[in-house]
$ cat run.cif   # mmCIF, C-alpha atoms and all ligand atoms
data_final
loop_
_atom_site.label_atom_id
_atom_site.label_comp_id
_atom_site.auth_asym_id
_atom_site.auth_seq_id
_atom_site.Cartn_x
_atom_site.Cartn_y
_atom_site.Cartn_z
CA MET H 18 103.87 60.58 183.38
CA ARG H 19 104.23 61.54 179.76
CA PRO H 20 101.16 63.05 178.13
CA ARG H 21 99.64 60.64 175.60
CA ALA H 22 98.48 61.83 172.18
CA LEU H 23 96.21 60.13 169.67
CA VAL H 24 97.04 60.99 166.04
CA THR H 25 94.39 59.88 163.55
CA GLY H 26 95.84 59.54 160.07
CA GLY H 27 99.14 58.90 161.83
CA ALA H 28 100.63 56.97 158.88
CA GLY H 29 99.91 59.76 156.41
CA PHE H 30 102.33 62.40 155.15
CA LEU H 31 101.47 65.08 157.71
CA GLY H 32 100.29 62.68 160.42
CA SER H 33 103.59 60.80 160.48
CA HIS H 34 105.65 64.01 160.68
CA LEU H 35 103.38 65.12 163.52
CA CYS H 36 104.03 61.80 165.35
CA ASP H 37 107.79 62.44 165.07
CA ALA H 38 107.41 65.97 166.44
CA LEU H 39 105.16 64.90 169.34
CA LEU H 40 107.59 62.15 170.36
CA ALA H 41 110.42 64.72 170.29
CA GLU H 42 108.28 66.99 172.53
CA GLY H 43 107.98 64.20 175.13
CA TYR H 44 104.55 62.75 174.29
CA SER H 45 103.83 59.08 173.97
CA VAL H 46 101.88 58.61 170.76
CA VAL H 47 99.20 56.24 169.54
CA ALA H 48 98.71 56.53 165.79
CA VAL H 49 95.53 55.25 164.16
CA ASP H 50 95.22 54.82 160.41
CA ASN H 51 93.17 52.59 158.11
CA LEU H 52 95.96 52.81 155.48
CA LEU H 53 93.57 53.98 152.75
CA THR H 54 96.12 56.62 151.72
CA GLY H 55 98.55 56.37 154.65
CA ARG H 56 101.56 54.03 154.41
CA LEU H 57 103.39 51.87 156.94
CA SER H 58 106.70 52.98 155.42
CA ASN H 59 106.04 56.49 156.82
CA ILE H 60 106.19 55.15 160.39
CA GLU H 61 108.57 52.23 159.88
CA HIS H 62 111.33 54.16 161.72
CA LEU H 63 109.05 54.42 164.81
CA ARG H 64 108.24 50.71 165.12
CA ARG H 65 110.97 50.10 167.71
CA GLU H 66 110.29 53.39 169.55
CA GLY H 67 108.90 52.42 173.00
CA GLN H 68 106.64 55.48 173.26
CA PHE H 69 104.94 54.82 169.92
CA GLU H 70 102.06 52.51 169.13
CA PHE H 71 100.28 51.95 165.82
CA LEU H 72 96.72 50.67 165.45
CA GLN H 73 95.41 49.86 161.97
CA LEU H 74 91.82 50.94 162.55
CA ASP H 75 89.14 53.03 160.91
CA ILE H 76 88.35 56.17 162.96
CA ASN H 77 84.84 56.15 161.45
CA ARG H 78 84.13 53.21 163.76
CA LYS H 79 84.43 53.11 167.53
CA VAL H 80 88.13 53.00 168.34
CA ASP H 81 89.56 51.86 171.68
CA CYS H 82 92.88 53.63 172.00
CA GLY H 83 93.13 53.81 175.81
CA GLU H 84 93.38 57.05 177.76
CA VAL H 85 94.72 60.08 175.92
CA ASN H 86 95.41 63.72 176.82
CA TYR H 87 95.36 65.11 173.29
CA VAL H 88 93.57 64.12 170.08
CA PHE H 89 95.03 65.30 166.77
CA HIS H 90 92.50 64.52 164.04
CA PHE H 91 94.47 64.26 160.79
CA ALA H 92 92.77 61.30 159.09
CA SER H 93 91.56 62.09 155.54
CA PRO H 94 92.65 61.67 151.95
CA ALA H 95 94.18 65.09 151.18
CA SER H 96 95.37 65.27 147.58
CA PRO H 97 92.80 66.17 144.91
CA VAL H 98 93.51 62.90 143.07
CA ASP H 99 93.06 60.83 146.26
CA TYR H 100 89.94 62.55 147.54
CA MET H 101 88.24 62.41 144.17
CA VAL H 102 88.92 58.64 143.88
CA HIS H 103 87.84 58.12 147.52
CA GLY H 104 85.02 60.69 147.58
CA ILE H 105 82.64 58.82 149.90
CA ASP H 106 85.44 57.85 152.30
CA THR H 107 86.53 61.49 152.38
CA LEU H 108 83.01 62.64 153.28
CA LYS H 109 82.73 59.91 155.92
CA VAL H 110 86.01 60.67 157.68
CA GLY H 111 85.31 64.43 157.65
CA SER H 112 81.89 63.86 159.24
CA LEU H 113 81.61 60.52 161.13
CA GLY H 114 85.35 60.26 161.72
CA THR H 115 85.54 63.80 163.09
CA MET H 116 82.65 63.10 165.47
CA ARG H 117 84.31 59.87 166.65
CA ALA H 118 87.58 61.72 167.27
CA LEU H 119 85.71 64.48 169.13
CA ASP H 120 83.89 61.84 171.24
CA ILE H 121 87.26 60.38 172.26
CA ALA H 122 88.45 63.86 173.32
CA ARG H 123 85.19 64.47 175.21
CA LYS H 124 85.30 61.15 177.05
CA ASN H 125 88.95 61.64 178.06
CA HIS H 126 88.66 65.38 178.89
CA ALA H 127 91.45 65.66 176.34
CA LYS H 128 92.46 68.62 174.20
CA TYR H 129 91.67 68.35 170.52
CA LEU H 130 93.13 69.76 167.30
CA LEU H 131 91.43 69.44 163.91
CA ALA H 132 93.48 69.44 160.70
CA SER H 133 91.39 71.64 158.44
CA THR H 134 92.40 73.19 155.15
CA SER H 135 92.69 76.28 152.97
CA GLU H 136 90.14 74.44 150.77
CA CYS H 137 87.53 75.88 153.16
CA TYR H 138 88.13 79.16 151.27
CA GLY H 139 87.38 77.41 147.92
CA ASP H 140 88.28 79.56 144.90
CA PRO H 141 88.77 82.65 147.06
CA LEU H 142 87.45 86.09 146.13
CA GLU H 143 89.40 87.66 149.00
CA HIS H 144 93.20 87.67 148.78
CA PRO H 145 95.22 86.86 150.81
CA GLN H 146 92.87 84.70 152.87
CA LYS H 147 92.21 85.74 156.47
CA GLU H 148 90.48 83.37 158.90
CA THR H 149 87.45 85.69 158.92
CA TYR H 150 86.80 85.06 155.20
CA TRP H 151 83.86 82.62 154.71
CA GLY H 152 85.05 81.29 151.36
CA ASN H 153 83.73 80.64 147.87
CA VAL H 154 83.06 76.91 147.65
CA ASN H 155 81.07 75.00 145.01
CA SER H 156 79.07 72.62 147.22
CA ILE H 157 78.26 70.25 144.33
CA GLY H 158 81.53 70.34 142.33
CA PRO H 159 84.13 67.55 142.18
CA ARG H 160 86.22 69.07 145.01
CA SER H 161 83.19 69.36 147.31
CA VAL H 162 83.75 65.88 148.78
CA TYR H 163 86.82 67.32 150.50
CA ASP H 164 85.92 70.99 150.89
CA GLU H 165 82.49 70.39 152.38
CA ALA H 166 83.70 67.48 154.53
CA LYS H 167 86.27 69.80 156.09
CA ARG H 168 83.77 72.63 156.44
CA PHE H 169 81.44 70.22 158.26
CA ALA H 170 84.42 69.05 160.36
CA GLU H 171 85.02 72.67 161.40
CA ALA H 172 81.31 73.15 162.18
CA VAL H 173 81.06 70.04 164.36
CA THR H 174 84.33 70.90 166.12
CA MET H 175 82.96 74.36 167.00
CA ALA H 176 79.71 72.70 168.14
CA TYR H 177 81.55 70.32 170.51
CA TYR H 178 83.39 73.35 171.87
CA ARG H 179 80.22 75.41 172.31
CA TYR H 180 77.76 72.72 173.44
CA TYR H 181 80.00 70.22 175.27
CA GLY H 182 82.91 72.43 176.34
CA VAL H 183 85.52 70.27 174.56
CA ASP H 184 88.85 72.13 174.45
CA THR H 185 89.19 72.34 170.66
CA ARG H 186 91.46 74.02 168.09
CA ILE H 187 91.30 74.21 164.29
CA VAL H 188 94.28 74.63 161.97
CA ARG H 189 93.73 75.60 158.33
CA ILE H 190 96.62 74.03 156.47
CA PHE H 191 97.92 75.56 153.22
CA ASN H 192 99.79 73.56 150.54
CA THR H 193 102.49 71.63 152.39
CA TYR H 194 105.28 69.57 150.80
CA GLY H 195 108.33 67.53 151.76
CA PRO H 196 109.63 64.00 152.28
CA ARG H 197 107.05 61.15 152.59
CA MET H 198 104.64 62.60 150.04
CA GLN H 199 103.54 59.77 147.81
CA LEU H 200 105.05 60.01 144.32
CA ASN H 201 101.68 59.30 142.76
CA ASP H 202 99.35 61.32 144.95
CA GLY H 203 98.91 63.81 142.10
CA ARG H 204 99.84 66.95 144.00
CA VAL H 205 101.96 69.47 142.20
CA VAL H 206 105.28 69.10 144.05
CA PRO H 207 105.53 65.27 143.86
CA ASN H 208 104.28 65.35 140.25
CA PHE H 209 106.88 67.91 139.15
CA MET H 210 109.70 66.27 141.13
CA LYS H 211 108.89 62.84 139.71
CA GLN H 212 108.60 64.15 136.15
CA ALA H 213 111.79 66.23 136.37
CA LEU H 214 113.82 63.35 137.87
CA ARG H 215 112.58 60.98 135.16
CA GLY H 216 113.29 63.53 132.41
CA GLU H 217 109.60 63.64 131.44
CA ASP H 218 107.63 66.78 130.57
CA LEU H 219 106.27 68.68 133.59
CA THR H 220 102.48 68.83 133.28
CA VAL H 221 101.28 72.36 134.04
CA TYR H 222 97.48 72.51 134.21
CA GLY H 223 95.80 75.50 132.53
CA ASP H 224 98.13 78.38 131.64
CA GLY H 225 100.04 77.97 134.92
CA THR H 226 99.20 81.48 136.17
CA GLN H 227 97.18 80.11 139.11
CA THR H 228 99.07 80.59 142.37
CA ARG H 229 99.81 78.59 145.49
CA SER H 230 101.85 79.30 148.64
CA PHE H 231 104.00 76.33 149.60
CA CYS H 232 105.06 75.50 153.15
CA TYR H 233 107.84 73.03 153.99
CA VAL H 234 106.56 70.26 156.27
CA LYS H 235 108.94 71.04 159.16
CA ASP H 236 107.64 74.63 159.40
CA GLU H 237 104.04 73.46 159.10
CA VAL H 238 104.33 70.88 161.91
CA GLU H 239 106.04 73.46 164.15
CA GLY H 240 102.93 75.61 163.63
CA PHE H 241 100.67 72.69 164.69
CA LEU H 242 102.61 72.28 167.94
CA ARG H 243 102.49 75.98 168.79
CA LEU H 244 98.73 76.12 168.11
CA ALA H 245 98.22 72.95 170.17
CA GLU H 246 99.65 74.78 173.20
CA CYS H 247 97.54 77.90 172.68
CA ASP H 248 93.98 78.64 173.85
CA GLU H 249 92.53 79.84 170.55
CA HIS H 250 89.36 77.97 169.57
CA PHE H 251 88.63 79.65 166.24
CA PRO H 252 90.52 78.60 163.07
CA VAL H 253 94.14 79.65 162.57
CA ASN H 254 95.92 79.64 159.18
CA ILE H 255 99.29 77.89 159.10
CA GLY H 256 101.13 78.26 155.80
CA ASN H 257 103.96 80.07 154.09
CA PRO H 258 102.70 83.35 152.58
CA GLU H 259 105.31 83.36 149.77
CA GLU H 260 103.16 82.98 146.66
CA PHE H 261 104.22 81.40 143.35
CA THR H 262 102.56 80.79 140.02
CA ILE H 263 102.48 77.10 139.13
CA VAL H 264 104.62 77.70 136.05
CA ASP H 265 107.24 79.42 138.23
CA CYS H 266 107.14 76.41 140.56
CA ALA H 267 107.78 74.14 137.52
CA HIS H 268 110.84 76.20 136.51
CA ARG H 269 112.23 76.04 140.04
CA VAL H 270 111.88 72.25 140.16
CA ILE H 271 113.61 71.93 136.77
CA GLU H 272 116.48 74.11 138.00
CA ILE H 273 116.88 72.41 141.39
CA THR H 274 116.81 68.88 139.94
CA GLY H 275 119.16 69.91 137.09
CA SER H 276 116.67 68.30 134.70
CA LYS H 277 116.39 68.75 130.93
CA SER H 278 112.60 68.33 131.13
CA ARG H 279 110.31 70.78 129.38
CA ILE H 280 106.87 72.06 130.28
CA ARG H 281 103.69 70.64 128.74
CA TYR H 282 100.38 72.44 129.23
CA GLU H 283 97.29 70.35 130.03
CA LYS H 284 93.63 71.06 130.76
CA LEU H 285 92.88 72.87 134.03
CA PRO H 286 90.76 70.70 136.39
CA GLN H 287 87.26 71.98 137.24
CA ASP H 288 87.04 74.46 140.16
CA ASP H 289 90.85 74.66 140.50
CA PRO H 290 91.39 77.70 142.78
CA LYS H 291 93.01 80.61 140.89
CA GLN H 292 94.96 81.96 143.82
CA ARG H 293 95.83 81.00 147.36
CA ARG H 294 97.92 82.75 150.00
CA PRO H 295 97.47 82.65 153.77
CA ASP H 296 97.29 85.76 155.87
CA ILE H 297 99.25 84.55 158.91
CA THR H 298 98.88 87.66 161.08
CA LYS H 299 96.83 85.64 163.59
CA ALA H 300 99.42 82.85 164.05
CA LYS H 301 102.18 85.45 164.33
CA SER H 302 100.43 87.51 166.97
CA LEU H 303 99.01 84.56 168.97
CA PHE H 304 102.13 82.42 169.23
CA GLY H 305 104.88 84.07 167.18
CA TRP H 306 104.89 81.48 164.41
CA GLU H 307 106.01 82.08 160.84
CA ALA H 308 107.57 79.84 158.20
CA LYS H 309 111.37 79.96 157.96
CA ILE H 310 112.13 77.72 154.98
CA ASP H 311 111.66 79.23 151.51
CA LEU H 312 110.54 77.18 148.51
CA ASP H 313 113.97 76.71 146.89
CA THR H 314 115.49 75.55 150.20
CA GLY H 315 112.59 73.22 150.95
CA LEU H 316 112.69 71.68 147.47
CA ARG H 317 116.44 71.07 147.89
CA MET H 318 115.79 69.49 151.31
CA SER H 319 113.20 67.18 149.68
CA LEU H 320 115.36 66.17 146.73
CA ASP H 321 117.04 63.09 148.24
CA TYR H 322 113.67 61.66 149.27
CA PHE H 323 112.15 62.12 145.81
CA ARG H 324 115.31 60.74 144.12
CA GLU H 325 115.10 57.58 146.25
CA ALA H 326 111.35 57.23 145.68
CA VAL H 327 111.76 57.53 141.90
CA ALA H 328 114.64 55.00 141.94
CA ALA H 329 112.62 52.57 144.11
CA GLU H 330 109.67 52.81 141.74
CA ALA H 331 111.91 52.24 138.72
CA ALA H 332 113.40 49.16 140.41
CA VAL H 333 109.93 47.71 141.01
CA ARG H 334 108.98 48.31 137.38
CA ALA H 335 112.17 46.73 135.99
N1 LIG W 401 98.98 71.20 139.10
C1 LIG W 401 99.64 71.23 137.89
N2 LIG W 401 100.26 70.11 137.45
C2 LIG W 401 100.27 68.95 138.18
C3 LIG W 401 99.60 68.91 139.42
C4 LIG W 401 98.95 70.06 139.86
O1 LIG W 401 99.67 72.27 137.19
O2 LIG W 401 100.88 67.97 137.70
C5 LIG W 401 98.33 72.44 139.59
C6 LIG W 401 96.87 72.28 139.99
O3 LIG W 401 96.02 72.44 138.87
C7 LIG W 401 96.72 73.40 141.01
C8 LIG W 401 98.10 73.48 141.67
O4 LIG W 401 98.99 72.84 140.76
O5 LIG W 401 96.46 74.63 140.37
C9 LIG W 401 98.17 72.79 143.02
O6 LIG W 401 97.61 71.52 142.87
P1 LIG W 401 97.65 70.42 144.01
O7 LIG W 401 96.96 69.22 143.45
O8 LIG W 401 99.03 70.25 144.50
O9 LIG W 401 96.82 71.01 145.23
P2 LIG W 401 95.58 72.03 145.41
O10 LIG W 401 96.20 73.28 145.91
O11 LIG W 401 94.88 72.23 144.10
O12 LIG W 401 94.72 71.34 146.41
#
$ encode --input "run.cif" --output "structure tokens" --more "lines below"
Ligand code: UDP
Amino acid sequence: MRPRALVTGGAGFLGSHLCDALLAEGYSVVAVDNLLTGRLSNIEHLRREGQFEFLQLDINRKVDCGEVNYVFHFASPASPVDYMVHGIDTLKVGSLGTMRALDIARKNHAKYLLASTSECYGDPLEHPQKETYWGNVNSIGPRSVYDEAKRFAEAVTMAYYRYYGVDTRIVRIFNTYGPRMQLNDGRVVPNFMKQALRGEDLTVYGDGTQTRSFCYVKDEVEGFLRLAECDEHFPVNIGNPEEFTIVDCAHRVIEITGSKSRIRYEKLPQDDPKQRRPDITKAKSLFGWEAKIDLDTGLRMSLDYFREAVAAEAAVRA
């Protein structure tokens, strides 16, 4: 019998790539998504796949998904634009939704993996960020709906491990990009790609010296699978430690798309982290994972997707 995995947020950017990878690993997969920010088009190619099932349900409520061996809890708005628009939903899915997903794992004696985030480190004072760093988060700022929801999600996951013996894992995901990101989710890679392909100015927020470390989605999902097989219960960073300023990222997108776009500087959003780079020593030593795809290569691999998405949007507008 194939192992059966539940993926919450299975129609989202990361959730849908995870479904693909689990199916390739020999799992049968049930994906649950309320389609708040997830999209059916992300899983359209799986509709005729016999080992895949999709349920349009809200994980904040009681969900009957049948017996499962593994629960991957990926449901949540994840881009700053999305989680600030859907602030209450983000807090609910990080708290109630995480407890529901943990209850499913507990009832089924299933393994469990929580998608957490580098946002747990906030605007970090320690650099690069190790898993032992407790973070620098503004609990009442605009990003807190996401940051604190995920910090609660980590706390309740550790509590289910400690009090109920649920076999849990926590991955802290650093900025990930690639095909299936929504053009309008506001994150930096889709924004720059869209703007460059349309010949519009690229909007760099602040002076563009803030840094991020970008991981191509294929590498990131490979890290999830390796962690899923490992017995580590404390958080593990999965990200690409190559660090770029945002203005450098803008120049790379302009070059790779062959665009004539220029850069326009706009106001920096409140509490925007100044720097972010994962220390991945733990993932390397526990299960030999590290990212293989550098930013230029990953942007080139994403180009066809963004070209098609921009063309599709233009066709709808026309
Ligand atoms: N950013 C930018 N222009 C954009 C979108 C984002 O300069 O059009 C910046 C943003 O201020 C942040 C970085 O790019 O410093 C990454 O933003 P993103 O929303 O992708 O994710 P974050 O890492 O902040 O969660």
$ axis_aligned_box --input "run.cif" --around "ligand LIG 401 (chain W)" --padding-each-side "4 Å" --output "JSON"
{"center_x": 97.8, "center_y": 71.3, "center_z": 141.8, "size_x": 14.2, "size_y": 14.7, "size_z": 17.2}
$ residues_near_ligand --input "run.cif" --ligand "ligand LIG 401 (chain W)" --cutoff "6 Å" --atoms "all atoms listed in the file" --output "PDB file with C-alpha atoms, in the frame of the given file"
ATOM      1  CA  SER H  96      95.370  65.270 147.580  1.00  0.00           C
ATOM      2  CA  PRO H  97      92.800  66.170 144.910  1.00  0.00           C
ATOM      3  CA  ASN H 192      99.790  73.560 150.540  1.00  0.00           C
ATOM      4  CA  GLY H 203      98.910  63.810 142.100  1.00  0.00           C
ATOM      5  CA  ARG H 204      99.840  66.950 144.000  1.00  0.00           C
ATOM      6  CA  VAL H 205     101.960  69.470 142.200  1.00  0.00           C
ATOM      7  CA  ASN H 208     104.280  65.350 140.250  1.00  0.00           C
ATOM      8  CA  THR H 220     102.480  68.830 133.280  1.00  0.00           C
ATOM      9  CA  VAL H 221     101.280  72.360 134.040  1.00  0.00           C
ATOM     10  CA  TYR H 222      97.480  72.510 134.210  1.00  0.00           C
ATOM     11  CA  GLN H 227      97.180  80.110 139.110  1.00  0.00           C
ATOM     12  CA  ILE H 263     102.480  77.100 139.130  1.00  0.00           C
ATOM     13  CA  LEU H 285      92.880  72.870 134.030  1.00  0.00           C
ATOM     14  CA  ASP H 289      90.850  74.660 140.500  1.00  0.00           C
TER      15      ASP H 289
END
$ closest_residue --input "run.cif" --among "H:Gly27, H:Gly225, H:Gly83, H:Pro94" --to "Pro290 (chain H)" --atoms "all atoms listed in the file"
H:Gly225
$ atom_distance --input "run.cif" --atom1 "CA of Leu320 (chain H)" --atom2 "CA of Pro207 (chain H)"
10.3 Å
$ atom_distance --input "run.cif" --atom1 "CA of Ile121 (chain H)" --atom2 "CA of Glu70 (chain H)"
17.1 Å
$ residues_near_point --input "run.cif" --point "(86.4, 61.0, 163.0)" --cutoff "9 Å" --atoms "only C-alpha atoms" --output "list in words"
Thr25, Asp75, Ile76, Asn77, Arg78, His90, Phe91, Ala92, Lys109, Val110, Gly111, Ser112, Leu113, Gly114, Thr115, Met116, Arg117, Ala118, Leu119, Asp120 and Ala170 of chain H
$ residues_near_point --input "run.cif" --point "(98.9, 80.6, 152.7)" --cutoff "12 Å" --atoms "only C-alpha atoms" --output "PyMOL selection string"
chain H and resi 134-136+138+141+144-148+188-193+228-233+237+253-261+292-298+300+307-308
$ residues_around --input "run.cif" --residues "Glu42 (chain H)" --least-positions-apart "3" --cutoff "10 Å" --atoms "all atoms listed in the file" --output "list in words"
Arg19, Pro20, Cys36, Asp37, Ala38, Leu39, Ser45 and Leu242 of chain H
$ residues_around --input "run.cif" --residues "Phe251 (chain H)" --least-positions-apart "5" --cutoff "10 Å" --atoms "only C-alpha atoms" --output "list in words"
Glu148, Thr149, Glu171, Thr174, Met175, Tyr178, Thr185, Arg186, Ile187 and Val188 of chain H
$ closest_residue --input "run.cif" --among "H:Asp106, H:Glu165, H:Asp184, H:Asp140" --to "Ala122 (chain H)" --atoms "only C-alpha atoms"
H:Asp184
$ residues_around --input "run.cif" --residues "Val206 (chain H)" --least-positions-apart "5" --cutoff "10 Å" --atoms "all atoms listed in the file" --output "PyMOL selection string"
chain H and resi 192-195+198+200+211-212+231+263+266-267+270+316+319+323
$ build_atoms --input "run.cif" --residues "region 68-90 of chain H" --atoms "N, CA and C atoms" --output "PDB file, in the frame of the given file"
ATOM      1  N   GLN H  68     107.751  54.554 172.949  1.00  0.00           N
ATOM      2  CA  GLN H  68     106.640  55.480 173.260  1.00  0.00           C
ATOM      3  C   GLN H  68     105.648  55.593 172.106  1.00  0.00           C
ATOM      4  N   PHE H  69     105.806  54.719 171.095  1.00  0.00           N
ATOM      5  CA  PHE H  69     104.940  54.820 169.920  1.00  0.00           C
ATOM      6  C   PHE H  69     104.168  53.530 169.704  1.00  0.00           C
ATOM      7  N   GLU H  70     102.904  53.683 169.383  1.00  0.00           N
ATOM      8  CA  GLU H  70     102.060  52.510 169.130  1.00  0.00           C
ATOM      9  C   GLU H  70     101.241  52.791 167.872  1.00  0.00           C
ATOM     10  N   PHE H  71     101.091  51.769 167.021  1.00  0.00           N
ATOM     11  CA  PHE H  71     100.280  51.950 165.820  1.00  0.00           C
ATOM     12  C   PHE H  71      99.092  50.993 165.825  1.00  0.00           C
ATOM     13  N   LEU H  72      97.907  51.516 165.555  1.00  0.00           N
ATOM     14  CA  LEU H  72      96.720  50.670 165.450  1.00  0.00           C
ATOM     15  C   LEU H  72      96.119  50.844 164.052  1.00  0.00           C
ATOM     16  N   GLN H  73      96.040  49.757 163.301  1.00  0.00           N
ATOM     17  CA  GLN H  73      95.410  49.860 161.970  1.00  0.00           C
ATOM     18  C   GLN H  73      93.899  49.745 162.137  1.00  0.00           C
ATOM     19  N   LEU H  74      93.258  50.892 162.278  1.00  0.00           N
ATOM     20  CA  LEU H  74      91.820  50.940 162.550  1.00  0.00           C
ATOM     21  C   LEU H  74      91.196  52.099 161.792  1.00  0.00           C
ATOM     22  N   ASP H  75      89.881  51.998 161.623  1.00  0.00           N
ATOM     23  CA  ASP H  75      89.140  53.030 160.910  1.00  0.00           C
ATOM     24  C   ASP H  75      88.503  53.958 161.948  1.00  0.00           C
ATOM     25  N   ILE H  76      88.867  55.224 161.951  1.00  0.00           N
ATOM     26  CA  ILE H  76      88.350  56.170 162.960  1.00  0.00           C
ATOM     27  C   ILE H  76      86.852  56.427 162.772  1.00  0.00           C
ATOM     28  N   ASN H  77      86.298  56.019 161.642  1.00  0.00           N
ATOM     29  CA  ASN H  77      84.840  56.150 161.450  1.00  0.00           C
ATOM     30  C   ASN H  77      84.071  55.199 162.355  1.00  0.00           C
ATOM     31  N   ARG H  78      84.764  54.146 162.817  1.00  0.00           N
ATOM     32  CA  ARG H  78      84.130  53.210 163.760  1.00  0.00           C
ATOM     33  C   ARG H  78      84.602  53.548 165.160  1.00  0.00           C
ATOM     34  N   LYS H  79      84.017  52.866 166.152  1.00  0.00           N
ATOM     35  CA  LYS H  79      84.430  53.110 167.530  1.00  0.00           C
ATOM     36  C   LYS H  79      85.835  52.556 167.733  1.00  0.00           C
ATOM     37  N   VAL H  80      86.735  53.405 168.196  1.00  0.00           N
ATOM     38  CA  VAL H  80      88.130  53.000 168.340  1.00  0.00           C
ATOM     39  C   VAL H  80      88.497  53.000 169.817  1.00  0.00           C
ATOM     40  N   ASP H  81      89.096  51.898 170.289  1.00  0.00           N
ATOM     41  CA  ASP H  81      89.560  51.860 171.680  1.00  0.00           C
ATOM     42  C   ASP H  81      91.070  52.093 171.680  1.00  0.00           C
ATOM     43  N   CYS H  82      91.452  53.301 172.046  1.00  0.00           N
ATOM     44  CA  CYS H  82      92.880  53.630 172.000  1.00  0.00           C
ATOM     45  C   CYS H  82      93.441  53.875 173.400  1.00  0.00           C
ATOM     46  N   GLY H  83      92.670  53.554 174.445  1.00  0.00           N
ATOM     47  CA  GLY H  83      93.130  53.810 175.810  1.00  0.00           C
ATOM     48  C   GLY H  83      92.995  55.293 176.144  1.00  0.00           C
ATOM     49  N   GLU H  84      93.516  55.651 177.332  1.00  0.00           N
ATOM     50  CA  GLU H  84      93.380  57.050 177.760  1.00  0.00           C
ATOM     51  C   GLU H  84      94.339  57.955 176.998  1.00  0.00           C
ATOM     52  N   VAL H  85      93.842  59.115 176.606  1.00  0.00           N
ATOM     53  CA  VAL H  85      94.720  60.080 175.920  1.00  0.00           C
ATOM     54  C   VAL H  85      94.469  61.487 176.485  1.00  0.00           C
ATOM     55  N   ASN H  86      95.507  62.330 176.353  1.00  0.00           N
ATOM     56  CA  ASN H  86      95.410  63.720 176.820  1.00  0.00           C
ATOM     57  C   ASN H  86      95.185  64.692 175.670  1.00  0.00           C
ATOM     58  N   TYR H  87      95.504  64.238 174.458  1.00  0.00           N
ATOM     59  CA  TYR H  87      95.360  65.110 173.290  1.00  0.00           C
ATOM     60  C   TYR H  87      94.926  64.277 172.100  1.00  0.00           C
ATOM     61  N   VAL H  88      93.983  64.789 171.319  1.00  0.00           N
ATOM     62  CA  VAL H  88      93.570  64.120 170.080  1.00  0.00           C
ATOM     63  C   VAL H  88      93.902  65.053 168.917  1.00  0.00           C
ATOM     64  N   PHE H  89      94.718  64.566 167.992  1.00  0.00           N
ATOM     65  CA  PHE H  89      95.030  65.300 166.770  1.00  0.00           C
ATOM     66  C   PHE H  89      94.316  64.571 165.628  1.00  0.00           C
ATOM     67  N   HIS H  90      93.293  65.213 165.058  1.00  0.00           N
ATOM     68  CA  HIS H  90      92.500  64.520 164.040  1.00  0.00           C
ATOM     69  C   HIS H  90      92.995  64.886 162.636  1.00  0.00           C
TER      70      HIS H  90
END
